[in-house]
Amino acid sequence: MIFREVEDRDLIEQARRDNVEAYNLLVSRWEKRIYNYLLRLVKNREDALDLSQDVFLKAYQNLRKLEDPSRFAPWLYRIAHNEAYSALRKNRPETDLEDAEFEPWLEPGPSRRMLPIETSIAVERALKTLSDDQREAVVLKIYQGFKFEEMAVILGCPVSTAKSRLYTALDLLKTTLTSVPVRGVE
Amino acid sequence: MNCSPFDLKDYFFGELPVAERSATESHLASCPRCREELARLGDTRALLMSVADEEPPRRIAFVSDKVFEPRWWQRVWNSGPQLGFAASAMLATAILVHGFALRPAAATVATQSPAPIVDAKTMQAEIDRRVEAKMATVLADREAQQMERVMDVVNTKARLLDSKRREDLVLVGEYLERFEKRSQQVTKLVNYANE
């Protein structure tokens with residue numbers, strides 16, 4: 001992780017001197033994480049890809065404003081957060097309709113163990129029941145592994161708020177998911 | 001709820017200071033309820049992590065755009081030392097030209113024709129004409145580039161739509177095939193029942 005930070009810092013310095021190839025290398029290191037973060041928020045692959053491109057373009061245009069290159073990750077995710085919320089606000093009615101869909105065949109049976117694909121679907125359904133803020137807190141902590149302090153920077157809120165969103169979400173997910181019998185998770 | 005002296009979730013995520021972490025571990029050793037709560041948190045995280053990250057459908061890359069790169073004179077203009085050097089060189093050249101080339105010679109003064117007087121209006125008109133011509137060229141270039149980008153986007157979207165349509169057609173074909181098989185089975189059953 002330390003090596004990666006050092007190399008990222010080096011690439012950022014080069015990119016700041018208009019070295020586009022250095023920036024492309026930096027993008028290739030972060031694009032999968034940013035894409036998946038956005039995908040879990042906007043729930044649409046094409047939108048997530050378009051937003052990822054916008055995020056990296058904005059990051060390039062504002063790279064000189066990044067005061068501490070070792071804080072590149074929270075800074076980049078902050079841009080991604082703003083882009084995602086801007087898109088979510090724009091597409092709100094469609095998102096609500098999609099969330100309201102009822103798919104009875106996806107409900108887990110009471111006594112049988114679920115297959116991996118069914119588990120994925122159950123998890124995705126459970127995540128959809130959370131509010132956008134709660135889901136983002138889960139994504140940043142569980143899937144992206146950020147510390148609370150970094151989450152607060154990305155979300156633009158106090159550490160206590162970030163924690164509260166995550167813990168409320170976890171309580172809800174715990175209730176929904178731990179009743180699901182799954183192979184390999186006892 | 002749990003009875004741990006410190007937040008179990010903070011402990012679970014490794015966000016407790018060392019002293020508090022030790023105290024929580026001591027408590028866990030003697031409290032089955034908190035151990036169970038911790039295990040449920042672990043199960044929840046394991047389930048969430050079972051949904052793996054996806055690869056982006058396309059790679060993101062940027063190219064250096066020559067249109068927005070500064071021209072040579074902009075680079076000179078924006079750099080102090082080079083600009084200073086250029087100004088000094090121009091001043092030196094002006095002094096040399098003034099000192100040697102433009103020294104008046106008495107014999108030639110009478111034969112020299114007077115310098116042409118340029119009308120200010122004519123000069124302004126010429127400047128306007130050249131600026132307009134340059135602007136028209138630049139605008140045409142930009143419009144052509146813009147059109148090229150638009151066409152790129154349109155073509156990409158068209159390709160995507162076409163590939164989606166093909167996938168849909170394959171699916172429809174599969175469904176029809178299944179439907180036909182089912183119909184044949186039903187027909188056989190009906191015939192069998194009638195016999």
# chains A, B, ... in the order shown; residues from 1 in each chain; ligands from 1

$ interface_residues --of "chain A" --to "chain B" --cutoff "8 Å" --atoms "only C-alpha atoms" --output "number ranges by chain"
A: 20, 24, 27-28, 31-33, 35-36, 49, 53, 116, 119-120, 123, 142-143, 147, 167, 170, 173-174, 177-178, 185-186

$ residues_around --residues "Tyr85 of chain A" --least-positions-apart "4" --cutoff "10 Å" --atoms "only C-alpha atoms" --output "VMD selection string"
chain A and resid 38 41 to 42 80 to 81 89 to 92 132 to 133

$ closest_residue --among "A:Pro74, A:Leu88, A:Thr168, A:Asn82" --to "Glu150 of chain A" --atoms "only C-alpha atoms"
A:Pro74

$ residues_around --residues "segment 58-66 of chain A" --least-positions-apart "4" --cutoff "10 Å" --atoms "only C-alpha atoms" --output "list in words"
Ile12, Glu13, Ala15, Arg16, Arg17, Asp18, Val20, Tyr23, Asn24, Val27, Ser52, Gln53, Asp54, Ser70, Arg71, Phe72, Trp75, Leu76, Tyr77, Ile79, Ala80 and Glu83 of chain A; Phe62 of chain B

$ write_last_selection --atoms "N, CA and C atoms" --output "PDB file, in the first residue's frame"
ATOM      1  N   ILE A  12       1.022  11.457 -10.132  1.00  0.00           N
ATOM      2  CA  ILE A  12       0.258  12.709 -10.011  1.00  0.00           C
ATOM      3  C   ILE A  12       1.159  13.891 -10.370  1.00  0.00           C
ATOM      4  N   GLU A  13       2.401  13.865  -9.863  1.00  0.00           N
ATOM      5  CA  GLU A  13       3.335  14.952 -10.166  1.00  0.00           C
ATOM      6  C   GLU A  13       3.579  15.057 -11.673  1.00  0.00           C
ATOM      7  N   ALA A  15       1.574  13.940 -14.064  1.00  0.00           N
ATOM      8  CA  ALA A  15       0.324  14.342 -14.731  1.00  0.00           C
ATOM      9  C   ALA A  15       0.102  15.846 -14.590  1.00  0.00           C
ATOM     10  N   ARG A  16       0.546  16.394 -13.454  1.00  0.00           N
ATOM     11  CA  ARG A  16       0.409  17.838 -13.258  1.00  0.00           C
ATOM     12  C   ARG A  16       1.268  18.629 -14.241  1.00  0.00           C
ATOM     13  N   ARG A  17       2.291  17.961 -14.778  1.00  0.00           N
ATOM     14  CA  ARG A  17       3.136  18.627 -15.791  1.00  0.00           C
ATOM     15  C   ARG A  17       2.657  18.242 -17.199  1.00  0.00           C
ATOM     16  N   ASP A  18       1.362  17.991 -17.306  1.00  0.00           N
ATOM     17  CA  ASP A  18       0.711  17.682 -18.601  1.00  0.00           C
ATOM     18  C   ASP A  18       1.188  16.387 -19.232  1.00  0.00           C
ATOM     19  N   VAL A  20       0.102  13.173 -20.121  1.00  0.00           N
ATOM     20  CA  VAL A  20      -1.173  12.447 -20.210  1.00  0.00           C
ATOM     21  C   VAL A  20      -0.972  10.942 -20.004  1.00  0.00           C
ATOM     22  N   TYR A  23      -1.009  10.116 -16.468  1.00  0.00           N
ATOM     23  CA  TYR A  23      -2.371  10.165 -15.945  1.00  0.00           C
ATOM     24  C   TYR A  23      -3.152   8.911 -16.350  1.00  0.00           C
ATOM     25  N   ASN A  24      -2.953   8.453 -17.575  1.00  0.00           N
ATOM     26  CA  ASN A  24      -3.634   7.231 -18.023  1.00  0.00           C
ATOM     27  C   ASN A  24      -3.248   6.033 -17.150  1.00  0.00           C
ATOM     28  N   VAL A  27      -5.155   6.370 -14.012  1.00  0.00           N
ATOM     29  CA  VAL A  27      -6.556   5.987 -14.268  1.00  0.00           C
ATOM     30  C   VAL A  27      -6.685   4.462 -14.264  1.00  0.00           C
ATOM     31  N   SER A  52     -17.821   7.423 -14.529  1.00  0.00           N
ATOM     32  CA  SER A  52     -16.395   7.191 -14.266  1.00  0.00           C
ATOM     33  C   SER A  52     -15.545   8.084 -15.173  1.00  0.00           C
ATOM     34  N   GLN A  53     -15.947   8.160 -16.449  1.00  0.00           N
ATOM     35  CA  GLN A  53     -15.195   9.002 -17.392  1.00  0.00           C
ATOM     36  C   GLN A  53     -15.239  10.467 -16.949  1.00  0.00           C
ATOM     37  N   ASP A  54     -16.423  10.916 -16.521  1.00  0.00           N
ATOM     38  CA  ASP A  54     -16.541  12.305 -16.054  1.00  0.00           C
ATOM     39  C   ASP A  54     -15.665  12.540 -14.829  1.00  0.00           C
ATOM     40  N   SER A  70      -0.857  12.539  -1.260  1.00  0.00           N
ATOM     41  CA  SER A  70      -1.066  11.273  -0.540  1.00  0.00           C
ATOM     42  C   SER A  70      -2.539  11.088  -0.179  1.00  0.00           C
ATOM     43  N   ARG A  71      -3.359  12.154  -0.334  1.00  0.00           N
ATOM     44  CA  ARG A  71      -4.805  12.063  -0.064  1.00  0.00           C
ATOM     45  C   ARG A  71      -5.574  11.954  -1.386  1.00  0.00           C
ATOM     46  N   PHE A  72      -4.922  11.412  -2.403  1.00  0.00           N
ATOM     47  CA  PHE A  72      -5.559  11.316  -3.720  1.00  0.00           C
ATOM     48  C   PHE A  72      -6.851  10.495  -3.677  1.00  0.00           C
ATOM     49  N   TRP A  75      -9.875  12.229  -2.182  1.00  0.00           N
ATOM     50  CA  TRP A  75     -10.176  13.363  -3.068  1.00  0.00           C
ATOM     51  C   TRP A  75     -10.901  12.870  -4.335  1.00  0.00           C
ATOM     52  N   LEU A  76     -10.396  11.785  -4.915  1.00  0.00           N
ATOM     53  CA  LEU A  76     -10.998  11.222  -6.129  1.00  0.00           C
ATOM     54  C   LEU A  76     -12.424  10.703  -5.843  1.00  0.00           C
ATOM     55  N   TYR A  77     -12.579  10.021  -4.706  1.00  0.00           N
ATOM     56  CA  TYR A  77     -13.907   9.499  -4.348  1.00  0.00           C
ATOM     57  C   TYR A  77     -14.883  10.631  -4.022  1.00  0.00           C
ATOM     58  N   ILE A  79     -14.974  13.450  -5.623  1.00  0.00           N
ATOM     59  CA  ILE A  79     -15.465  13.861  -6.949  1.00  0.00           C
ATOM     60  C   ILE A  79     -16.510  12.848  -7.431  1.00  0.00           C
ATOM     61  N   ALA A  80     -16.207  11.555  -7.256  1.00  0.00           N
ATOM     62  CA  ALA A  80     -17.137  10.504  -7.698  1.00  0.00           C
ATOM     63  C   ALA A  80     -18.462  10.601  -6.937  1.00  0.00           C
ATOM     64  N   GLU A  83     -20.490  13.433  -8.404  1.00  0.00           N
ATOM     65  CA  GLU A  83     -21.038  13.066  -9.720  1.00  0.00           C
ATOM     66  C   GLU A  83     -22.213  12.092  -9.560  1.00  0.00           C
TER      67      GLU A  83
ATOM     68  N   PHE B  62      -7.228   8.790 -21.824  1.00  0.00           N
ATOM     69  CA  PHE B  62      -7.280  10.151 -22.356  1.00  0.00           C
ATOM     70  C   PHE B  62      -6.174  10.336 -23.380  1.00  0.00           C
TER      71      PHE B  62
END
